[in-house]
$ cat input21.cif   # mmCIF, C-alpha atoms
data_target
#
loop_
_atom_site.label_atom_id
_atom_site.label_comp_id
_atom_site.auth_asym_id
_atom_site.auth_seq_id
_atom_site.Cartn_x
_atom_site.Cartn_y
_atom_site.Cartn_z
CA MET A 95 74.73 114.75 100.71
CA ASP A 96 71.37 113.24 99.80
CA LYS A 97 71.49 111.25 96.55
CA ASN A 98 68.62 113.26 95.12
CA SER A 99 70.50 116.54 95.56
CA ARG A 100 73.82 115.41 94.10
CA MET A 101 75.14 117.31 91.09
CA THR A 102 76.36 115.50 88.00
CA LEU A 103 79.74 116.30 86.48
CA GLU A 104 78.03 118.16 83.67
CA GLN A 105 76.06 120.29 86.14
CA ILE A 106 79.19 120.98 88.21
CA SER A 107 81.30 122.02 85.23
CA GLU A 108 78.58 124.37 84.01
CA ASN A 109 77.92 126.06 87.36
CA ARG A 110 80.91 126.40 89.65
CA GLU A 111 79.26 128.79 92.09
CA LEU A 112 76.23 126.55 92.56
CA PHE A 113 78.48 123.61 93.35
CA LEU A 114 80.62 125.55 95.82
CA ASN A 115 77.55 126.86 97.63
CA ASN A 116 75.55 123.63 97.59
CA TYR A 117 78.49 121.61 98.89
CA GLY A 118 79.56 124.18 101.47
CA VAL A 119 83.12 124.67 100.21
CA LYS A 120 83.06 128.21 98.78
CA SER A 121 85.41 129.67 101.41
CA GLU A 122 87.67 126.59 101.31
CA PHE A 123 87.97 126.89 97.54
CA GLU A 124 88.88 130.56 97.72
CA GLU A 125 91.43 129.99 100.50
CA SER A 126 92.96 126.84 99.01
CA GLY A 127 94.12 128.36 95.74
CA CYS A 128 92.63 125.45 93.79
CA ASP A 129 92.47 125.87 90.02
CA TRP A 130 88.92 125.13 88.83
CA ASP A 131 90.05 124.03 85.36
CA GLU A 132 92.45 121.54 86.95
CA LEU A 133 89.66 120.25 89.19
CA MET A 134 87.49 119.66 86.14
CA LYS A 135 90.29 117.76 84.39
CA ILE A 136 90.60 115.52 87.43
CA ALA A 137 86.84 115.07 87.61
CA GLN A 138 86.56 114.15 83.94
CA GLN A 139 89.32 111.56 84.15
CA PHE A 140 88.00 110.08 87.39
CA ASP A 141 84.39 110.03 86.19
CA LYS A 142 85.47 108.04 83.15
CA ASP A 143 87.53 105.56 85.19
CA ARG A 144 84.89 105.08 87.89
CA GLN A 145 82.53 103.78 85.23
CA SER A 146 84.92 101.78 83.05
CA VAL A 147 87.94 100.69 85.13
CA TYR A 148 87.24 100.78 88.86
CA PRO A 149 84.21 98.44 88.98
CA ASP A 150 86.39 95.55 87.76
CA ILE A 151 89.10 96.37 90.30
CA ILE A 152 86.68 96.50 93.24
CA GLN A 153 84.96 93.28 92.17
CA LYS A 154 88.31 91.47 92.15
CA TYR A 155 88.86 92.35 95.81
CA ILE A 156 85.28 91.53 96.76
CA SER A 157 85.65 88.05 95.26
CA GLU A 158 88.76 87.51 97.40
CA ILE A 159 87.66 89.13 100.64
CA GLY A 160 84.24 87.50 100.42
CA MET A 161 86.00 84.17 101.00
CA PHE A 162 87.68 85.29 104.24
CA GLU A 163 86.79 83.49 107.45
CA SER A 164 85.31 85.28 110.50
CA ILE A 165 83.56 88.00 108.50
CA HIS A 166 79.84 88.67 108.80
CA SER A 167 79.39 90.74 105.65
CA TYR A 168 81.00 93.42 103.54
CA ARG A 169 80.14 96.60 101.68
CA TYR A 170 81.99 98.49 98.99
CA ARG A 171 81.87 101.74 97.11
CA ILE A 172 83.64 103.83 94.50
CA LYS A 173 83.84 107.48 95.47
CA GLU A 174 81.33 109.76 93.77
CA THR A 175 82.81 112.37 91.45
CA ASP A 176 81.21 115.30 93.30
CA SER A 177 82.58 113.98 96.61
CA LEU A 178 86.06 113.77 95.08
CA ILE A 179 85.99 117.41 93.98
CA LYS A 180 84.84 118.51 97.41
CA LYS A 181 87.52 116.41 99.15
CA ILE A 182 90.29 117.76 96.93
CA ILE A 183 89.28 121.33 97.76
CA ILE A 184 89.23 120.65 101.51
CA LYS A 185 92.45 118.62 101.50
CA THR A 186 94.28 121.21 99.41
CA LYS A 187 93.43 123.84 101.99
CA GLN A 188 94.50 121.55 104.87
CA LYS A 189 97.76 120.39 103.29
CA GLY A 190 98.72 123.65 101.64
CA ARG A 191 99.91 121.95 98.46
CA PRO A 192 98.26 121.52 95.05
CA ILE A 193 96.47 118.34 94.09
CA THR A 194 96.63 117.82 90.35
CA LYS A 195 95.61 115.36 87.68
CA GLU A 196 99.10 113.88 87.98
CA ASN A 197 99.07 113.25 91.75
CA TYR A 198 95.45 112.91 92.92
CA LEU A 199 95.50 109.12 92.70
CA HIS A 200 97.95 108.90 95.59
CA GLU A 201 96.89 112.05 97.44
CA ILE A 202 93.28 110.81 97.80
CA THR A 203 93.56 107.39 99.40
CA ASP A 204 89.91 106.35 99.59
CA LEU A 205 88.81 106.48 95.96
CA LEU A 206 87.93 102.80 96.32
CA GLY A 207 86.61 101.48 99.62
CA ILE A 208 85.66 98.13 101.11
CA ARG A 209 84.16 97.77 104.58
CA VAL A 210 84.45 94.38 106.26
CA LEU A 211 82.12 93.64 109.18
CA TYR A 212 82.48 90.99 111.88
CA ILE A 213 80.28 90.06 114.81
CA PHE A 214 82.66 89.96 117.76
CA LYS A 215 85.34 92.52 118.59
CA GLU A 216 88.11 89.94 118.74
CA ASP A 217 87.30 88.78 115.21
CA TYR A 218 89.41 91.73 114.07
CA TYR A 219 92.52 89.58 114.44
CA PRO A 220 91.77 86.62 112.14
CA VAL A 221 90.44 89.13 109.61
CA HIS A 222 93.61 91.20 110.03
CA LEU A 223 95.80 88.15 109.44
CA GLN A 224 93.99 87.32 106.21
CA ILE A 225 94.24 90.89 104.93
CA TRP A 226 97.91 91.02 105.79
CA GLU A 227 98.72 87.65 104.26
CA LYS A 228 96.99 88.60 101.03
CA TYR A 229 97.92 92.25 100.61
CA ALA A 230 100.92 93.15 102.81
CA SER A 231 103.14 93.99 99.83
CA GLN A 232 100.56 96.51 98.60
CA MET A 233 100.26 98.56 101.81
CA VAL A 234 101.26 102.22 101.51
CA LYS A 235 100.46 103.47 105.03
CA ASP A 236 100.62 102.21 108.58
CA ILE A 237 97.53 100.47 109.87
CA GLU A 238 95.22 103.02 111.51
CA ILE A 239 93.24 101.93 114.56
CA LYS A 240 90.43 104.42 115.12
CA LEU A 241 89.28 104.46 118.75
CA GLN A 242 87.09 106.53 121.02
CA PRO A 243 88.25 108.09 124.32
CA GLY A 244 88.13 105.48 127.06
CA ASP A 245 88.42 102.49 124.71
CA ASP A 246 90.71 99.69 125.88
CA GLU A 247 93.65 99.48 123.48
CA LYS A 248 94.80 96.15 124.92
CA ILE A 249 92.40 94.24 122.70
CA TYR A 250 94.58 95.25 119.74
CA GLU A 251 97.87 94.15 121.29
CA LYS A 252 98.12 91.31 118.75
CA ILE A 253 98.85 93.95 116.09
CA LEU A 254 101.88 95.19 118.03
CA GLY A 255 104.21 93.39 115.62
CA TYR A 256 102.94 95.54 112.75
CA ASN A 257 103.35 99.23 111.95
CA TYR A 258 100.24 100.92 113.26
CA ILE A 259 98.98 104.13 114.80
CA THR A 260 96.00 104.80 117.02
CA ASP A 261 93.66 107.74 116.56
CA LYS A 262 91.17 108.91 119.19
CA GLU A 263 90.24 112.12 117.41
CA GLY A 264 87.94 110.67 114.76
CA PRO A 265 84.19 110.18 115.14
CA TYR A 266 84.11 106.41 114.89
CA ARG A 267 85.77 103.07 115.67
CA SER A 268 87.43 101.20 112.82
CA ILE A 269 90.67 99.67 111.56
CA HIS A 270 91.95 101.11 108.29
CA TYR A 271 94.29 99.54 105.74
CA THR A 272 95.43 101.71 102.81
CA MET A 273 96.93 99.91 99.86
CA LEU A 274 97.71 100.06 96.16
CA ALA A 275 94.61 98.94 94.29
CA GLU A 276 96.37 97.60 91.20
CA GLY A 277 98.94 95.17 92.56
CA ASN A 278 102.18 97.05 93.11
CA ASP A 279 101.43 99.85 90.64
CA SER A 280 102.28 102.96 92.64
CA LYS A 281 100.87 105.20 89.89
CA GLY A 282 97.39 103.72 90.18
CA PRO A 283 94.57 104.39 92.67
CA ARG A 284 94.57 103.51 96.36
CA LEU A 285 92.09 101.19 98.05
CA GLU A 286 91.00 101.62 101.66
CA ILE A 287 89.79 98.57 103.57
CA GLN A 288 87.97 99.29 106.83
CA THR A 289 87.09 96.60 109.35
CA ARG A 290 84.70 96.98 112.30
CA THR A 291 81.98 95.20 114.26
CA ILE A 292 78.35 95.17 113.18
CA PHE A 293 77.50 97.30 116.25
CA GLU A 294 80.10 99.90 115.23
CA GLU A 295 78.70 99.90 111.71
CA GLY A 296 75.18 100.49 112.99
CA TRP A 297 76.25 103.53 114.98
CA SER A 298 78.30 104.85 112.05
CA GLU A 299 75.33 104.65 109.69
CA ILE A 300 73.04 106.48 112.11
CA ASN A 301 75.66 109.12 112.87
CA HIS A 302 76.50 109.69 109.21
CA LYS A 303 72.87 110.02 108.19
CA LEU A 304 71.71 112.29 111.02
CA VAL A 305 74.73 114.08 112.47
CA TYR A 306 78.03 113.90 110.60
CA LYS A 307 77.39 116.52 107.93
CA ASN A 308 75.91 118.98 110.46
CA LYS A 309 77.86 118.28 113.65
CA ASP A 310 79.17 121.86 113.90
CA MET A 311 75.72 123.46 113.71
CA SER A 312 74.23 124.65 117.00
CA ASP A 313 70.78 123.39 115.97
CA TYR A 314 72.15 119.83 115.99
CA PHE A 315 73.43 119.96 119.58
CA ALA A 316 70.89 117.42 120.87
CA LEU A 317 71.63 114.97 118.06
CA VAL A 318 75.39 115.32 118.57
CA GLN A 319 75.04 114.54 122.26
CA ALA A 320 72.68 111.62 121.57
CA SER A 321 75.18 110.24 119.06
CA LYS A 322 77.97 110.35 121.67
CA ILE A 323 75.79 108.43 124.11
CA LEU A 324 74.95 105.87 121.44
CA SER A 325 78.66 105.50 120.64
CA ASN A 326 79.39 104.68 124.29
CA LEU A 327 76.56 102.15 124.32
CA VAL A 328 77.98 100.54 121.19
CA GLY A 329 81.27 99.99 123.02
CA ASP A 330 79.35 98.36 125.87
CA CYS A 331 77.42 96.17 123.42
CA ASP A 332 80.66 94.90 121.88
CA THR A 333 82.04 94.16 125.36
CA LEU A 334 78.88 92.29 126.35
CA GLY A 335 78.90 90.40 123.06
CA MET A 336 82.43 89.18 123.74
CA LEU A 337 81.45 88.16 127.28
CA MET A 338 78.56 86.12 125.89
CA LYS A 339 80.89 84.46 123.39
CA ASN A 340 83.44 83.61 126.06
CA ILE A 341 80.73 82.07 128.26
CA TYR A 342 79.38 80.10 125.32
CA ASP A 343 82.84 78.85 124.28
CA GLU A 344 83.69 77.75 127.83
CA TYR A 345 80.31 76.03 128.21
CA GLN A 346 80.80 74.12 124.94
CA LYS A 347 84.30 73.16 126.01
CA GLN A 348 83.02 71.76 129.29
CA LEU A 349 80.28 69.82 127.50
CA SER A 350 82.76 68.28 125.07
CA GLN A 351 84.85 67.08 128.00
CA ASN A 352 81.79 65.48 129.61
CA SER A 353 80.04 63.85 126.66
CA LYS A 354 77.89 61.47 128.75
CA ILE A 355 76.10 64.05 130.87
CA ASP A 356 72.31 64.47 130.80
CA SER A 357 70.30 67.70 130.51
CA SER A 358 70.12 68.27 134.28
CA GLN A 359 73.88 68.06 134.60
CA SER A 360 74.38 70.47 131.69
CA SER A 361 72.51 73.12 133.67
CA ILE A 362 74.93 72.60 136.55
CA ILE A 363 77.86 73.04 134.18
CA MET A 364 76.43 76.32 132.89
CA SER A 365 75.98 77.51 136.48
CA GLU A 366 79.62 76.71 137.22
CA VAL A 367 80.78 78.49 134.08
CA LEU A 368 78.79 81.61 135.00
CA LYS A 369 80.10 81.53 138.55
CA ASN A 370 83.70 81.39 137.31
CA PHE A 371 83.14 84.38 135.02
CA LEU A 372 81.50 86.41 137.76
CA MET A 373 84.44 85.73 140.06
CA LYS A 374 87.01 87.02 137.55
#
$ encode --input "input21.cif" --output "structure tokens"
Amino acid sequence: MDKNSRMTLEQISENRELFLNNYGVKSEFEESGCDWDELMKIAQQFDKDRQSVYPDIIQKYISEIGMFESIHSYRYRIKETDSLIKKIIIKTKQKGRPITKENYLHEITDLLGIRVLYIFKEDYYPVHLQIWEKYASQMVKDIEIKLQPGDDEKIYEKILGYNYITDKEGPYRSIHYTMLAEGNDSKGPRLEIQTRTIFEEGWSEINHKLVYKNKDMSDYFALVQASKILSNLVGDCDTLGMLMKNIYDEYQKQLSQNSKIDSSQSSIIMSEVLKNFLMK
């Protein structure tokens, strides 16, 4: 939802019907059996914590993850209160069980989120190792590797020693780690760390802004199809990026082994490197 059209907690609590209609969850609310008073208790507690407690928690992780090697950049967010209410309604309908003030902190696993971006596809592994070394004891779910149909799963074979699942039903590519946000406190909130390439992030931002919220509307057919094409191109861009890196690494390796060569000979070495890659 556009930031300018978001409803505050005060507005939501004063006008239930407006919220349900504006956020498109009126039928889900009626079918889920959610108790509105309970939703407001959750919202009030969460809204208080998201302003007073959660910023310090997220900053702690940012200070640690920001020091990781092989990352390009990172982003973070604390879930908006209106988004939490909407998600609880939808998830309650899907799961068929109540989400209450007592259990929402472990039923909703992305209250706190950090997205780690890297340049090359294979950078997922050194980033994975650093996440695992630092936070393995806090993990509460298997690693989730989000793929698209046709993606080569072999690139992730280095994670085979860990508990993980692959998912080709989602709209995007990403690796998800879900963990306890406050050390080993199982009663506290969960933190979701997502890692992906900068190309995957670019597609995700475009898709989320233009398509995601309206993907089931017939009027958006052209944008949905364009987004699928762009997603395929993103996969190709990551593949080409890795090819460029492999060529560069091999070229630098050859140069280091022949330190006395001149500029004309370096061109020959690059030609040989390219020939070897083309023959593979």
$ residues_around --input "input21.cif" --residues "range 172-182 of chain A" --least-positions-apart "5" --cutoff "6 Å" --atoms "only C-alpha atoms" --output "list in words"
Asp141, Leu205 and Leu206 of chain A
$ residues_around --input "input21.cif" --residues "Met233 in chain A" --least-positions-apart "5" --cutoff "8 Å" --atoms "all atoms listed in the file" --output "list in words"
Tyr271, Thr272, Met273 and Leu274 of chain A
$ atom_distance --input "input21.cif" --atom1 "CA of Glu251 in chain A" --atom2 "CA of Gln232 in chain A"
23.0 Å
$ residues_near_point --input "input21.cif" --point "(93.6, 100.2, 115.2)" --cutoff "9 Å" --atoms "all atoms listed in the file" --output "list of chain:residue names"
A:Ile237, A:Glu238, A:Ile239, A:Lys240, A:Leu241, A:Glu247, A:Tyr250, A:Ile253, A:Tyr258, A:Ile259, A:Thr260, A:Asp261, A:Arg267, A:Ser268, A:Ile269, A:His270
$ atom_distance --input "input21.cif" --atom1 "CA of Lys195 in chain A" --atom2 "CA of Ala137 in chain A"
8.8 Å
$ atom_distance --input "input21.cif" --atom1 "CA of Gln348 in chain A" --atom2 "CA of Met364 in chain A"
8.8 Å
$ residues_around --input "input21.cif" --residues "Ile208 in chain A" --least-positions-apart "2" --cutoff "8 Å" --atoms "all atoms listed in the file" --output "list in words"
Ile156, Tyr168, Arg169, Tyr170, Arg171, Leu206, Val210, Leu285, Glu286, Ile287 and Gln288 of chain A
$ closest_residue --input "input21.cif" --among "A:Asn370, A:Thr291, A:Thr194, A:Ser164" --to "Ile341 in chain A" --atoms "all atoms listed in the file"
A:Asn370
$ residues_around --input "input21.cif" --residues "Ser126 in chain A" --least-positions-apart "6" --cutoff "12 Å" --atoms "all atoms listed in the file" --output "number ranges by chain"
A: 119-120, 180-193
